[in-house]
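Following: one structure in C-alpha cells, then a few remarks.
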Amino acid sequence: MTFTVNGAPAEATVEPRQSLADCLRQELELTGTHVGCEQGVCGACTVMVNGQAIRSCLLLAVQAEGADILTVEGLAHHGQLHPLQQAFWEHFALQCGFCTPGFLLTAYDFLQSHPHPNREQIRQALAGNICRCTGYTTIVEAVEAAAQTWRARHD
Amino acid sequence: MTDRQERYVGAPVRRKDDPRLLTGGGRYVDDQRLPRMLYIAFVRSLHAHAHVTKIALEAARCLPGVTAILTGEEVRELCKPYKGILLHYTGMKTGAMLPLAVDRVRYVGEPVVAIAATERAIAEDACDLVQVEYQPLPPLVDPEEAMRPGAPVIHAELGDNLMFETTLEAGEPEVTFRDAEHVYRQRFRSARHTGVTMEPRGLIASFEPATRAFILHIATQVPHMMQAVLADVLGLEEHRVRVITQDVGGSFGIKIHIYQDELATCCMALRLGRPVKFIADRQESFLTDIHARDQIVDVQVAATQAGILTGIRAKIIAPVGAYSAYPRTSVVEGGQVLRLLPGPYRVRHYAAHLQVVAQTLGITSQYRAVGHPIAAMVIEGMIEHIARDLNLDAAEIRRRNLIRQEDLPYTTCVGNVYDSGSHFESLTKLLEAADYQGLRDQQREARKAGRYLGIGLSCFIEITGPGPQFYGSAVPRSWPRTAPRFGLSRPAKSPPSLG
C-alpha cells in the first residue's frame, strides 16, 4: 500500500489484519505512536488521517491506502517544536511520556477547530485520552497555553 | 544563596528528556528491535484451579513461522523453582513458582505454554491451536473459607493456605477496652486494584551461547535487582548478565517485580540463543500484572465520651493470590496496614493480628501506596463514625486526637518514630484556607433545600523512607571472582563482619 506520512510518500506491505498502529511502528519504524490497549479506549495511538484524529489501533492499515497521515514525528519542523510540544514542555504536561503523543495529536486536532477554547472545552476534548502519571491538570494548562501561542504564530 | 541555588531552588526546571519524548523519540522496550528477534505469546490457564492433564502441541508446531514451544517440563531444566520469601517475615510459607505451570494451575491467566514465532500474531495464532486438557479443582477465593480446616490446600506440601501470620501489641489493650466508655466496631473491605501503567509490561531477552552472555532490555524500576534475580534462577554468572532499561511508560510498583511470563521469555532466549520479545497486551496486563489492596479489616476502637481514641484492636485478613510475589513477597501490604492503623493520632493501646492468605487468584504485591489507602480508610472511617455517634464535628474530633508539635519526636504505639510533622497545624491551616465554617453553613442551607453536600476530611501519615532495615539486616558474603555481595538473613545479633 502507498500513502503519505508526515508529508512524505510512504510504502508498506501489510497483512489485511494488521492495524495502522502496528504498520506505523513496525513497517515504517515510526515508534512515536504508542499502543496502550488495542481497544480504542486509551487514546495513546491517536494520529491524524485525512485531517481527522483517529485511533490507529482500530483502523486497519489497508484502510489507510492513499491517506494523508500525521503522526507525532511530523509535528516539529526543522528542529523547531510545534507550539503544543513547546507548551507541554514548559507546563510539565508529561512524566513517563507514553500517553503524550496521543494527547498531542488529539489536542492538535481540537485546536484547529477551536482556536479559543476554555478549560471546560479542553477537558471535554481530551476526555478520551488516559494518563496515569500527571493527573491531567498540567496537560489542560499546556493546551490552553498552546492555543494562544499557536494563534499568535498564525496572526 | 549561591547563583546555582538561585537558579534551581524553588524554580521550575524543564526536563532534559522532554523534547525527545515529545517528538516521538521515546525508547520504550517495544520500540527496540534486535537482529533475528522472535516474539512470544502464551497459552494461559482458563481455570482458577485445575490439574493440567494433557497438552497437545502438534498443530501449533506445524504453523509456519513458529520457531519453538516451551512447556513447564522444559522450563524446569532452564530455571530453578523460586519462592517469594523474605527471611525477616518469620514463619512465612508459599509454594514455589516456575515460569510455566507444571501439572497444576492456580489462577486464571497463569502461563502454561510459551510459543516463539517470527511475529506476535503468528505466535498468538499458534497459541489458539494448542489444546490443553484441564481437570478443574475447586476455586478458593474467599480467604475466610481458605483458612477453614478441611479447605482445599492450594500448595499441598504446605498443609494449609496461611502464608504468614503476625501480631502486634502495645500498651494495655485488654484493660483499655474493658474500661472504655465507648467501643465501636466495623468491618471494612477493600477490593482488588491494579496499577494500569500506560505502557504494558515488556522485555527483550537475549542470550549468546558462545559467551554465555545474557542481555535483557526490560521496562523495570529495578534493573540491578533483575540482574541478580536472573543470574540466580537461570544459573548465569551475574557479571555476564546485562540489564538495559531506557524509557519506562509508567510503573508505580507494577514493574518492580518479576513475572512468570518474563522468566519464561528468558528461558526461551536461553533455549534458542536469540533475542525474544514479550510485550503484554492490555488483557494480559489486567489479568497478570500484580494486584493489590484486597483486604478485610475488622476493627474496634475504644473512645471516651469526649471523642479521644484510647485503643484500637484489629483483625486484618490479607488475601494475596496463589503465590507470594518474587522477590519482594506479598505480605508487605498487610504488614503496612498492621503498622499504619493508628495513623497520625495519639493512640497508646493497640492489638492487631494479621493473616496473609493464599487464594486461587492472581498474584498481589507492592503497588504505589502499599497499605496506606486501606489503613486511612479504616481509621478515618472510624473517626467519622465516632464523631457522628458522639455528635462531634469531624474537624474537632481530629483536633482532639492528632499528634502536635509539642509531642515531637513522637514514638507511636507500634514503634515508628515521627521526628517531625505538623498534622495539627496543617489541619488548622487547611480549615482556614477552605473556610470550613463557611462550608458547613453552605451545607446546612443546602440541606434545607433538600440538597446533600458532603465535606470530607482525611489525615494520614505516609512512610516514605523506611531505610535498609525494611529489608531485614544484611550479612556480606564472599562471591567468587567479584566484590563481596550482600544477602538477606535473619536479624543478626552482632554487627556483620567481612570475611
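FYI, nothing fancy with the C-alpha cells labels: chains A, B, ... in order, residues from 1 per chain, ligands from 1 as they appear.
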
List every residue of chain B that has an atom at most 10 Å from any atom of chain A, and for each one report the closest atom pair and its distance in Å to one decimal, counting only C-alpha atoms, with rows sorted by chain and then by increasing residue number, as a Markdown table.
```
| residue | atom | partner | partner_atom | distance |
| --- | --- | --- | --- | --- |
| B:Pro12 | CA | A:Glu90 | CA | 8.8 |
| B:Val13 | CA | A:Glu90 | CA | 8.8 |
| B:Arg14 | CA | A:Glu90 | CA | 6.5 |
| B:Arg15 | CA | A:Trp89 | CA | 7.7 |
| B:Lys16 | CA | A:Trp89 | CA | 9.5 |
| B:Asp17 | CA | A:Trp89 | CA | 9.6 |
| B:Asp18 | CA | A:Trp89 | CA | 6.2 |
| B:Pro19 | CA | A:Trp89 | CA | 7.1 |
| B:Arg20 | CA | A:Gly97 | CA | 9.6 |
| B:Leu21 | CA | A:Gly97 | CA | 5.9 |
| B:Leu22 | CA | A:Gln85 | CA | 6.0 |
| B:Thr23 | CA | A:Glu73 | CA | 5.4 |
| B:Gly24 | CA | A:Gly32 | CA | 3.7 |
| B:Gly25 | CA | A:Gly32 | CA | 6.2 |
| B:Gly26 | CA | A:Gly32 | CA | 6.7 |
| B:Arg27 | CA | A:Thr31 | CA | 8.5 |
| B:Tyr28 | CA | A:Phe98 | CA | 8.4 |
| B:Asp30 | CA | A:Thr31 | CA | 8.5 |
| B:Asp31 | CA | A:Thr31 | CA | 5.8 |
| B:Gln32 | CA | A:Thr31 | CA | 9.1 |
| B:Arg33 | CA | A:Gln26 | CA | 9.4 |
| B:Ala121 | CA | A:Gln18 | CA | 9.0 |
| B:Gly195 | CA | A:Arg132 | CA | 8.8 |
| B:Val196 | CA | A:Arg132 | CA | 7.6 |
| B:Thr197 | CA | A:Arg132 | CA | 6.6 |
| B:Met198 | CA | A:Gly36 | CA | 5.6 |
| B:Glu199 | CA | A:Gly36 | CA | 5.9 |
| B:Pro200 | CA | A:Gly36 | CA | 7.0 |
| B:Asp247 | CA | A:Cys96 | CA | 7.5 |
| B:Val248 | CA | A:Cys96 | CA | 6.5 |
| B:Gly249 | CA | A:Cys96 | CA | 5.0 |
| B:Gly250 | CA | A:Cys96 | CA | 5.7 |
| B:Ser251 | CA | A:Cys96 | CA | 9.1 |
| B:Phe252 | CA | A:Cys133 | CA | 9.1 |
| B:Asp281 | CA | A:Cys37 | CA | 6.9 |
| B:Arg282 | CA | A:Cys37 | CA | 5.0 |
| B:Gln283 | CA | A:Cys37 | CA | 8.1 |
| B:Ser285 | CA | A:Cys37 | CA | 9.5 |
```

Using C-alpha atoms, can you write the selected residues to a file as a PDB file, in the first residue's frame?
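Final output, saved to again-v1.pdb:
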```
ATOM      1  CA  PRO B  12      10.567  25.304  37.667  1.00  0.00           C
ATOM      2  CA  VAL B  13      13.278  23.464  35.775  1.00  0.00           C
ATOM      3  CA  ARG B  14      12.387  21.960  32.413  1.00  0.00           C
ATOM      4  CA  ARG B  15      13.381  18.329  31.958  1.00  0.00           C
ATOM      5  CA  LYS B  16      16.145  17.477  29.527  1.00  0.00           C
ATOM      6  CA  ASP B  17      14.404  14.376  28.143  1.00  0.00           C
ATOM      7  CA  ASP B  18      11.108  16.039  27.264  1.00  0.00           C
ATOM      8  CA  PRO B  19      11.938  17.282  23.720  1.00  0.00           C
ATOM      9  CA  ARG B  20      12.884  13.712  22.809  1.00  0.00           C
ATOM     10  CA  LEU B  21       9.713  12.267  24.333  1.00  0.00           C
ATOM     11  CA  LEU B  22       7.558  14.997  22.763  1.00  0.00           C
ATOM     12  CA  THR B  23       8.837  14.383  19.241  1.00  0.00           C
ATOM     13  CA  GLY B  24       8.300  10.623  19.172  1.00  0.00           C
ATOM     14  CA  GLY B  25      11.875   9.801  20.199  1.00  0.00           C
ATOM     15  CA  GLY B  26      10.950   7.717  23.221  1.00  0.00           C
ATOM     16  CA  ARG B  27      12.931   4.484  23.684  1.00  0.00           C
ATOM     17  CA  TYR B  28      10.404   2.175  25.327  1.00  0.00           C
ATOM     18  CA  ASP B  30       8.673  -2.219  22.374  1.00  0.00           C
ATOM     19  CA  ASP B  31      10.460   0.405  20.281  1.00  0.00           C
ATOM     20  CA  GLN B  32      13.634  -1.681  20.405  1.00  0.00           C
ATOM     21  CA  ARG B  33      14.368  -4.200  17.700  1.00  0.00           C
ATOM     22  CA  ALA B 121       0.352 -12.511  15.514  1.00  0.00           C
ATOM     23  CA  GLY B 195      -1.647  -0.162  38.709  1.00  0.00           C
ATOM     24  CA  VAL B 196      -2.551   0.040  34.990  1.00  0.00           C
ATOM     25  CA  THR B 197       0.596   1.533  33.514  1.00  0.00           C
ATOM     26  CA  MET B 198       0.004   3.071  30.080  1.00  0.00           C
ATOM     27  CA  GLU B 199       2.921   1.043  28.756  1.00  0.00           C
ATOM     28  CA  PRO B 200       2.220  -2.635  29.413  1.00  0.00           C
ATOM     29  CA  ASP B 247      12.290   4.802  28.924  1.00  0.00           C
ATOM     30  CA  VAL B 248       9.569   3.184  31.002  1.00  0.00           C
ATOM     31  CA  GLY B 249       5.937   4.073  30.392  1.00  0.00           C
ATOM     32  CA  GLY B 250       4.808   4.145  33.993  1.00  0.00           C
ATOM     33  CA  SER B 251       5.356   1.599  36.739  1.00  0.00           C
ATOM     34  CA  PHE B 252       4.003   2.573  40.186  1.00  0.00           C
ATOM     35  CA  ASP B 281      -1.239  -6.763  25.776  1.00  0.00           C
ATOM     36  CA  ARG B 282      -3.850  -4.923  27.822  1.00  0.00           C
ATOM     37  CA  GLN B 283      -5.834  -8.093  28.588  1.00  0.00           C
ATOM     38  CA  SER B 285      -1.884  -6.709  31.922  1.00  0.00           C
TER      39      SER B 285
END
```

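The protein and nucleic acid residues lying at most 6 Å from range 411-413 of chain B are Ala170, Arg348, Asn416 and Val417 of chain B, with only C-alpha atoms considered and sequence neighbours fewer than 3 positions away removed.
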
Would you export the selected residues with all heavy atoms as a PDB file, in the first residue's frame, please?
```
ATOM      1  N   ALA B 170       0.696  -3.257  71.864  1.00  0.00           N
ATOM      2  CA  ALA B 170       1.362  -2.172  72.593  1.00  0.00           C
ATOM      3  C   ALA B 170       0.444  -1.686  73.689  1.00  0.00           C
ATOM      4  O   ALA B 170      -0.792  -1.713  73.547  1.00  0.00           O
ATOM      5  CB  ALA B 170       1.700  -1.031  71.645  1.00  0.00           C
ATOM      6  N   ARG B 348      -2.417   4.956  72.309  1.00  0.00           N
ATOM      7  CA  ARG B 348      -1.323   4.264  73.002  1.00  0.00           C
ATOM      8  C   ARG B 348      -1.551   2.764  73.171  1.00  0.00           C
ATOM      9  O   ARG B 348      -0.624   2.034  73.473  1.00  0.00           O
ATOM     10  CB  ARG B 348      -1.098   4.870  74.405  1.00  0.00           C
ATOM     11  CG  ARG B 348      -0.749   6.333  74.449  1.00  0.00           C
ATOM     12  CD  ARG B 348       0.382   6.716  73.540  1.00  0.00           C
ATOM     13  NE  ARG B 348       1.559   5.876  73.663  1.00  0.00           N
ATOM     14  CZ  ARG B 348       2.589   5.886  72.823  1.00  0.00           C
ATOM     15  NH1 ARG B 348       2.571   6.686  71.777  1.00  0.00           N
ATOM     16  NH2 ARG B 348       3.634   5.101  73.005  1.00  0.00           N
ATOM     17  N   ASN B 416       7.017   3.255  65.457  1.00  0.00           N
ATOM     18  CA  ASN B 416       7.570   4.215  64.485  1.00  0.00           C
ATOM     19  C   ASN B 416       7.875   5.522  65.195  1.00  0.00           C
ATOM     20  O   ASN B 416       7.117   5.950  66.062  1.00  0.00           O
ATOM     21  CB  ASN B 416       6.573   4.486  63.358  1.00  0.00           C
ATOM     22  CG  ASN B 416       6.345   3.251  62.503  1.00  0.00           C
ATOM     23  OD1 ASN B 416       7.239   2.440  62.316  1.00  0.00           O
ATOM     24  ND2 ASN B 416       5.135   3.117  61.989  1.00  0.00           N
ATOM     25  N   VAL B 417       8.965   6.146  64.816  1.00  0.00           N
ATOM     26  CA  VAL B 417       9.314   7.434  65.419  1.00  0.00           C
ATOM     27  C   VAL B 417       9.021   8.540  64.420  1.00  0.00           C
ATOM     28  O   VAL B 417       9.569   8.549  63.313  1.00  0.00           O
ATOM     29  CB  VAL B 417      10.814   7.474  65.802  1.00  0.00           C
ATOM     30  CG1 VAL B 417      11.158   8.844  66.410  1.00  0.00           C
ATOM     31  CG2 VAL B 417      11.140   6.358  66.779  1.00  0.00           C
TER      32      VAL B 417
END
```

Problem set entry | Contacts of Pro64 in chain B at 10 Å (only C-alpha atoms; same-chain gap of 4+ positions) as a PyMOL selection string | chain B and resi 60+117-118+122-123+126

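Between Arg271 in chain B and the candidates B:Glu208, B:Asp179, B:Glu157, B:Asp419, the tightest atom-to-atom separation, counting only C-alpha atoms, involves B:Glu208.
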
Problem set entry | alpha helix (DSSP H) positions in range 304-363 of chain B, given as a list in words | Val332, Glu333, Gly334, Gly335, Gln336, Val337, Leu338, Arg339 and Leu340 of chain B

Write the residues you've just listed into a file as a PDB file, in the first residue's frame, and include N, CA, C and O atoms for each of them.
```
ATOM      1  N   VAL B 332       3.807  -7.635  52.379  1.00  0.00           N
ATOM      2  CA  VAL B 332       4.155  -6.290  52.837  1.00  0.00           C
ATOM      3  C   VAL B 332       2.935  -5.400  53.045  1.00  0.00           C
ATOM      4  O   VAL B 332       2.867  -4.639  54.010  1.00  0.00           O
ATOM      5  N   GLU B 333       1.955  -5.498  52.142  1.00  0.00           N
ATOM      6  CA  GLU B 333       0.806  -4.591  52.273  1.00  0.00           C
ATOM      7  C   GLU B 333       0.050  -4.850  53.570  1.00  0.00           C
ATOM      8  O   GLU B 333      -0.343  -3.905  54.266  1.00  0.00           O
ATOM      9  N   GLY B 334      -0.133  -6.135  53.909  1.00  0.00           N
ATOM     10  CA  GLY B 334      -0.784  -6.462  55.182  1.00  0.00           C
ATOM     11  C   GLY B 334       0.026  -5.920  56.346  1.00  0.00           C
ATOM     12  O   GLY B 334      -0.513  -5.350  57.300  1.00  0.00           O
ATOM     13  N   GLY B 335       1.345  -6.069  56.257  1.00  0.00           N
ATOM     14  CA  GLY B 335       2.236  -5.586  57.304  1.00  0.00           C
ATOM     15  C   GLY B 335       2.165  -4.071  57.454  1.00  0.00           C
ATOM     16  O   GLY B 335       2.249  -3.536  58.558  1.00  0.00           O
ATOM     17  N   GLN B 336       2.007  -3.369  56.351  1.00  0.00           N
ATOM     18  CA  GLN B 336       1.897  -1.904  56.403  1.00  0.00           C
ATOM     19  C   GLN B 336       0.622  -1.504  57.137  1.00  0.00           C
ATOM     20  O   GLN B 336       0.630  -0.618  57.988  1.00  0.00           O
ATOM     21  N   VAL B 337      -0.484  -2.162  56.779  1.00  0.00           N
ATOM     22  CA  VAL B 337      -1.753  -1.816  57.427  1.00  0.00           C
ATOM     23  C   VAL B 337      -1.650  -2.067  58.923  1.00  0.00           C
ATOM     24  O   VAL B 337      -2.100  -1.266  59.745  1.00  0.00           O
ATOM     25  N   LEU B 338      -0.986  -3.163  59.279  1.00  0.00           N
ATOM     26  CA  LEU B 338      -0.769  -3.502  60.691  1.00  0.00           C
ATOM     27  C   LEU B 338      -0.110  -2.346  61.434  1.00  0.00           C
ATOM     28  O   LEU B 338      -0.443  -2.027  62.572  1.00  0.00           O
ATOM     29  N   ARG B 339       0.847  -1.684  60.790  1.00  0.00           N
ATOM     30  CA  ARG B 339       1.611  -0.615  61.435  1.00  0.00           C
ATOM     31  C   ARG B 339       0.989   0.763  61.256  1.00  0.00           C
ATOM     32  O   ARG B 339       1.332   1.694  61.979  1.00  0.00           O
ATOM     33  N   LEU B 340       0.110   0.921  60.280  1.00  0.00           N
ATOM     34  CA  LEU B 340      -0.380   2.259  59.947  1.00  0.00           C
ATOM     35  C   LEU B 340      -1.757   2.599  60.509  1.00  0.00           C
ATOM     36  O   LEU B 340      -2.176   3.746  60.436  1.00  0.00           O
TER      37      LEU B 340
END
```

For this session: Write out as a list in words which residues come within 12 Å of Arg151 in chain A when counting only C-alpha atoms, dropping same-chain ones fewer than 2 positions away.
Result: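 Those residues are His82, Pro83, Leu84, Leu111, Gln112, Ser113, His114, Pro115, His116, Pro117, Glu144, Ala145, Ala146, Ala147, Gln148, Thr149, Arg153, His154 and Asp155 of chain A.
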
Problem set entry | Residues flagged strand (DSSP E or B) by DSSP in range 226-439 of chain B, as a ChimeraX atom specification | /B:241-244,276-279,291-292,295-303,309-319,345,349-357,364,402,410-411,417-418

Taking N, CA and C atoms for each residue, export the selection above as a short mmCIF file (atom, residue, chain, number, x, y, z; two decimals), in the first residue's frame.
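Result saved to selection-v8.cif:
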```
data_model
loop_
_atom_site.label_atom_id
_atom_site.label_comp_id
_atom_site.auth_asym_id
_atom_site.auth_seq_id
_atom_site.Cartn_x
_atom_site.Cartn_y
_atom_site.Cartn_z
N VAL B 241 25.42 -10.94 33.02
CA VAL B 241 24.03 -10.55 32.77
C VAL B 241 23.99 -9.04 32.69
N ARG B 242 23.55 -8.55 31.54
CA ARG B 242 23.48 -7.10 31.37
C ARG B 242 22.02 -6.70 31.25
N VAL B 243 21.60 -5.72 32.05
CA VAL B 243 20.21 -5.27 32.02
C VAL B 243 20.18 -3.83 31.53
N ILE B 244 19.38 -3.60 30.49
CA ILE B 244 19.29 -2.25 29.91
C ILE B 244 17.86 -1.75 30.05
N VAL B 276 14.39 -12.67 22.18
CA VAL B 276 12.95 -12.98 22.20
C VAL B 276 12.24 -11.83 22.90
N LYS B 277 11.21 -11.29 22.25
CA LYS B 277 10.49 -10.15 22.81
C LYS B 277 9.13 -10.58 23.34
N PHE B 278 8.80 -10.09 24.54
CA PHE B 278 7.45 -10.24 25.07
C PHE B 278 6.93 -8.88 25.45
N ILE B 279 5.77 -8.52 24.89
CA ILE B 279 5.06 -7.32 25.31
C ILE B 279 3.66 -7.78 25.72
N HIS B 291 -1.72 -7.42 41.41
CA HIS B 291 -2.86 -6.73 42.00
C HIS B 291 -2.48 -6.31 43.43
N ALA B 292 -3.40 -5.58 44.06
CA ALA B 292 -3.12 -5.11 45.42
C ALA B 292 -4.42 -4.72 46.10
N GLN B 295 -8.22 -6.59 51.05
CA GLN B 295 -8.08 -6.84 52.49
C GLN B 295 -9.42 -6.73 53.20
N ILE B 296 -9.52 -7.47 54.29
CA ILE B 296 -10.67 -7.35 55.20
C ILE B 296 -10.11 -6.91 56.54
N VAL B 297 -10.64 -5.83 57.07
CA VAL B 297 -10.17 -5.36 58.38
C VAL B 297 -11.36 -5.28 59.33
N ASP B 298 -11.33 -6.09 60.36
CA ASP B 298 -12.32 -5.99 61.44
C ASP B 298 -11.69 -5.15 62.54
N VAL B 299 -12.23 -3.96 62.75
CA VAL B 299 -11.58 -3.04 63.68
C VAL B 299 -12.51 -2.71 64.84
N GLN B 300 -11.89 -2.50 65.99
CA GLN B 300 -12.62 -2.00 67.16
C GLN B 300 -11.86 -0.78 67.66
N VAL B 301 -12.58 0.27 67.99
CA VAL B 301 -11.93 1.46 68.53
C VAL B 301 -12.57 1.81 69.86
N ALA B 302 -11.74 2.02 70.88
CA ALA B 302 -12.22 2.44 72.18
C ALA B 302 -12.07 3.96 72.26
N ALA B 303 -13.12 4.63 72.74
CA ALA B 303 -13.07 6.10 72.80
C ALA B 303 -13.75 6.60 74.07
N LEU B 309 -9.64 8.88 71.24
CA LEU B 309 -9.40 7.47 70.93
C LEU B 309 -8.37 6.92 71.92
N THR B 310 -8.74 5.88 72.63
CA THR B 310 -7.80 5.33 73.61
C THR B 310 -7.18 4.01 73.16
N GLY B 311 -7.90 3.26 72.32
CA GLY B 311 -7.33 1.98 71.91
C GLY B 311 -7.88 1.52 70.57
N ILE B 312 -7.08 0.71 69.91
CA ILE B 312 -7.50 0.13 68.64
C ILE B 312 -7.19 -1.36 68.67
N ARG B 313 -8.16 -2.16 68.22
CA ARG B 313 -7.89 -3.59 68.03
C ARG B 313 -8.28 -3.93 66.59
N ALA B 314 -7.51 -4.76 65.95
CA ALA B 314 -7.84 -5.07 64.56
C ALA B 314 -7.47 -6.49 64.20
N LYS B 315 -8.32 -7.08 63.38
CA LYS B 315 -8.02 -8.37 62.78
C LYS B 315 -7.94 -8.10 61.29
N ILE B 316 -6.76 -8.31 60.73
CA ILE B 316 -6.54 -8.00 59.32
C ILE B 316 -6.36 -9.29 58.55
N ILE B 317 -7.21 -9.46 57.53
CA ILE B 317 -7.04 -10.62 56.66
C ILE B 317 -6.64 -10.10 55.29
N ALA B 318 -5.48 -10.55 54.82
CA ALA B 318 -4.97 -10.10 53.52
C ALA B 318 -4.90 -11.29 52.57
N PRO B 319 -5.91 -11.44 51.71
CA PRO B 319 -5.82 -12.49 50.70
C PRO B 319 -4.94 -12.01 49.56
N TYR B 345 -2.63 9.74 64.95
CA TYR B 345 -3.38 10.01 66.18
C TYR B 345 -2.64 9.45 67.40
N HIS B 349 -2.80 2.33 73.03
CA HIS B 349 -3.09 0.92 73.31
C HIS B 349 -3.56 0.25 72.04
N TYR B 350 -2.85 -0.83 71.68
CA TYR B 350 -3.06 -1.38 70.34
C TYR B 350 -2.87 -2.88 70.34
N ALA B 351 -3.74 -3.56 69.63
CA ALA B 351 -3.54 -5.01 69.44
C ALA B 351 -4.06 -5.34 68.05
N ALA B 352 -3.20 -5.85 67.21
CA ALA B 352 -3.62 -6.18 65.85
C ALA B 352 -3.02 -7.50 65.43
N HIS B 353 -3.81 -8.23 64.67
CA HIS B 353 -3.40 -9.55 64.21
C HIS B 353 -3.57 -9.60 62.70
N LEU B 354 -2.52 -10.05 62.03
CA LEU B 354 -2.53 -10.11 60.58
C LEU B 354 -2.45 -11.56 60.11
N GLN B 355 -3.31 -11.90 59.15
CA GLN B 355 -3.19 -13.20 58.48
C GLN B 355 -3.13 -12.96 56.98
N VAL B 356 -2.07 -13.45 56.36
CA VAL B 356 -1.92 -13.34 54.92
C VAL B 356 -2.26 -14.71 54.33
N VAL B 357 -3.22 -14.73 53.40
CA VAL B 357 -3.82 -15.99 52.96
C VAL B 357 -3.70 -16.19 51.46
N THR B 364 -0.54 -10.83 44.10
CA THR B 364 -0.58 -9.43 44.52
C THR B 364 0.77 -9.05 45.13
N LEU B 402 -5.07 14.39 67.08
CA LEU B 402 -3.85 14.47 66.27
C LEU B 402 -2.61 14.74 67.11
N TYR B 410 7.84 11.86 68.36
CA TYR B 410 6.78 11.03 68.93
C TYR B 410 6.98 9.58 68.52
N THR B 411 7.06 8.70 69.49
CA THR B 411 7.16 7.27 69.17
C THR B 411 5.76 6.68 69.26
N VAL B 417 8.96 6.15 64.82
CA VAL B 417 9.31 7.43 65.42
C VAL B 417 9.02 8.54 64.42
N TYR B 418 8.15 9.46 64.82
CA TYR B 418 7.91 10.64 63.99
C TYR B 418 8.77 11.76 64.54
#
```

For this session: Just give me the gap between CA of Lys83 in chain B and CA of Ile258 in chain B in Å, one decimal is fine.
Result: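 CA of Ile258 in chain B lies 11.6 Å from CA of Lys83 in chain B.
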
Exercise. Any idea what's packed within 8 Å of Leu126 in chain A, counting only C-alpha atoms, ignoring anything in its chain fewer than 2 positions away? Could you give it as a VMD selection string?
Worked result: chain A and resid 103 106 to 107 122 to 124 128 to 129

For this session: Find the spatial neighbours of Thr4 in chain A, counting only C-alpha atoms, within a cut-off of 10 Å - ignore same-chain residues fewer than 6 positions away - and output them as a PyMOL selection string.
Result: chain A and resi 10-11+49-50+64-70

Dump of N, CA, C and O atoms for the selected residues, as a compact mmCIF listing (two decimals), in the first residue's frame:
```
# COMPACT_ATOMS: atom_id res chain seq x y z
N ALA A 10 5.00 7.20 1.39
CA ALA A 10 5.42 6.01 2.13
C ALA A 10 4.80 4.78 1.48
O ALA A 10 3.75 4.86 0.85
N GLU A 11 5.48 3.66 1.68
CA GLU A 11 5.03 2.39 1.11
C GLU A 11 5.16 1.32 2.17
O GLU A 11 6.13 1.34 2.92
N VAL A 49 -5.59 11.17 10.30
CA VAL A 49 -5.73 10.54 8.99
C VAL A 49 -6.70 11.39 8.18
O VAL A 49 -7.86 11.56 8.59
N ASN A 50 -6.22 11.92 7.07
CA ASN A 50 -7.05 12.79 6.22
C ASN A 50 -7.74 13.88 7.04
O ASN A 50 -8.95 14.10 6.94
N ALA A 64 -6.00 2.73 5.28
CA ALA A 64 -5.30 4.00 5.11
C ALA A 64 -4.64 4.11 3.73
O ALA A 64 -3.83 5.02 3.50
N GLU A 65 -4.98 3.23 2.81
CA GLU A 65 -4.45 3.30 1.44
C GLU A 65 -4.75 4.67 0.85
O GLU A 65 -5.90 5.14 0.88
N GLY A 66 -3.71 5.35 0.38
CA GLY A 66 -3.89 6.66 -0.24
C GLY A 66 -4.12 7.81 0.73
O GLY A 66 -4.34 8.95 0.31
N ALA A 67 -4.07 7.54 2.03
CA ALA A 67 -4.42 8.58 3.01
C ALA A 67 -3.23 9.49 3.31
O ALA A 67 -2.08 9.15 3.05
N ASP A 68 -3.57 10.63 3.90
CA ASP A 68 -2.58 11.61 4.34
C ASP A 68 -2.52 11.52 5.86
O ASP A 68 -3.49 11.84 6.54
N ILE A 69 -1.38 11.07 6.37
CA ILE A 69 -1.28 10.76 7.80
C ILE A 69 -0.30 11.68 8.49
O ILE A 69 0.79 11.97 7.96
N LEU A 70 -0.69 12.14 9.68
CA LEU A 70 0.21 12.92 10.52
C LEU A 70 0.42 12.18 11.84
O LEU A 70 -0.56 11.83 12.50
```

Quick one: residues within 8 Å of Tyr82 in chain B, only C-alpha atoms, excluding same-chain residues fewer than 5 positions away - as a compact mmCIF listing (two decimals) with all heavy atoms, in the first residue's frame?
```txt
# COMPACT_ATOMS: atom_id res chain seq x y z
N ALA B 96 6.40 -22.88 45.56
CA ALA B 96 7.43 -22.47 44.61
C ALA B 96 6.79 -22.20 43.26
O ALA B 96 5.80 -22.82 42.89
CB ALA B 96 8.49 -23.56 44.49
N MET B 97 7.36 -21.27 42.54
CA MET B 97 6.88 -20.92 41.20
C MET B 97 7.87 -21.37 40.16
O MET B 97 9.09 -21.41 40.41
CB MET B 97 6.74 -19.41 41.07
CG MET B 97 5.39 -18.87 41.39
SD MET B 97 5.28 -17.12 40.99
CE MET B 97 6.07 -16.42 42.43
N LEU B 98 7.35 -21.69 39.01
CA LEU B 98 8.18 -21.86 37.82
C LEU B 98 7.61 -20.93 36.76
O LEU B 98 6.44 -20.56 36.83
CB LEU B 98 8.13 -23.31 37.33
CG LEU B 98 9.06 -24.28 38.04
CD1 LEU B 98 8.75 -25.71 37.64
CD2 LEU B 98 10.53 -23.95 37.73
N VAL B 233 18.25 -17.46 39.31
CA VAL B 233 17.30 -18.52 38.92
C VAL B 233 17.67 -19.20 37.61
O VAL B 233 17.30 -20.35 37.39
CB VAL B 233 15.84 -18.00 38.88
CG1 VAL B 233 15.43 -17.42 40.21
CG2 VAL B 233 15.61 -17.03 37.75
N TYR B 326 7.56 -12.68 43.73
CA TYR B 326 9.01 -12.83 43.82
C TYR B 326 9.69 -11.57 43.30
O TYR B 326 9.31 -11.06 42.25
CB TYR B 326 9.45 -14.04 42.99
CG TYR B 326 10.90 -14.38 43.15
CD1 TYR B 326 11.35 -15.03 44.30
CD2 TYR B 326 11.85 -14.02 42.19
CE1 TYR B 326 12.69 -15.34 44.47
CE2 TYR B 326 13.19 -14.33 42.34
CZ TYR B 326 13.60 -14.99 43.49
OH TYR B 326 14.93 -15.29 43.66
```

For this session: Rounded to one decimal place, report the CA of Leu203 in chain B-CA of Arg274 in chain B distance in Å.
Result: 13.5 Å

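Considering only C-alpha atoms, the residue among A:Pro16, A:Gly51, A:Gly7, A:Gly43 positioned nearest to Ala127 in chain A is A:Gly43.
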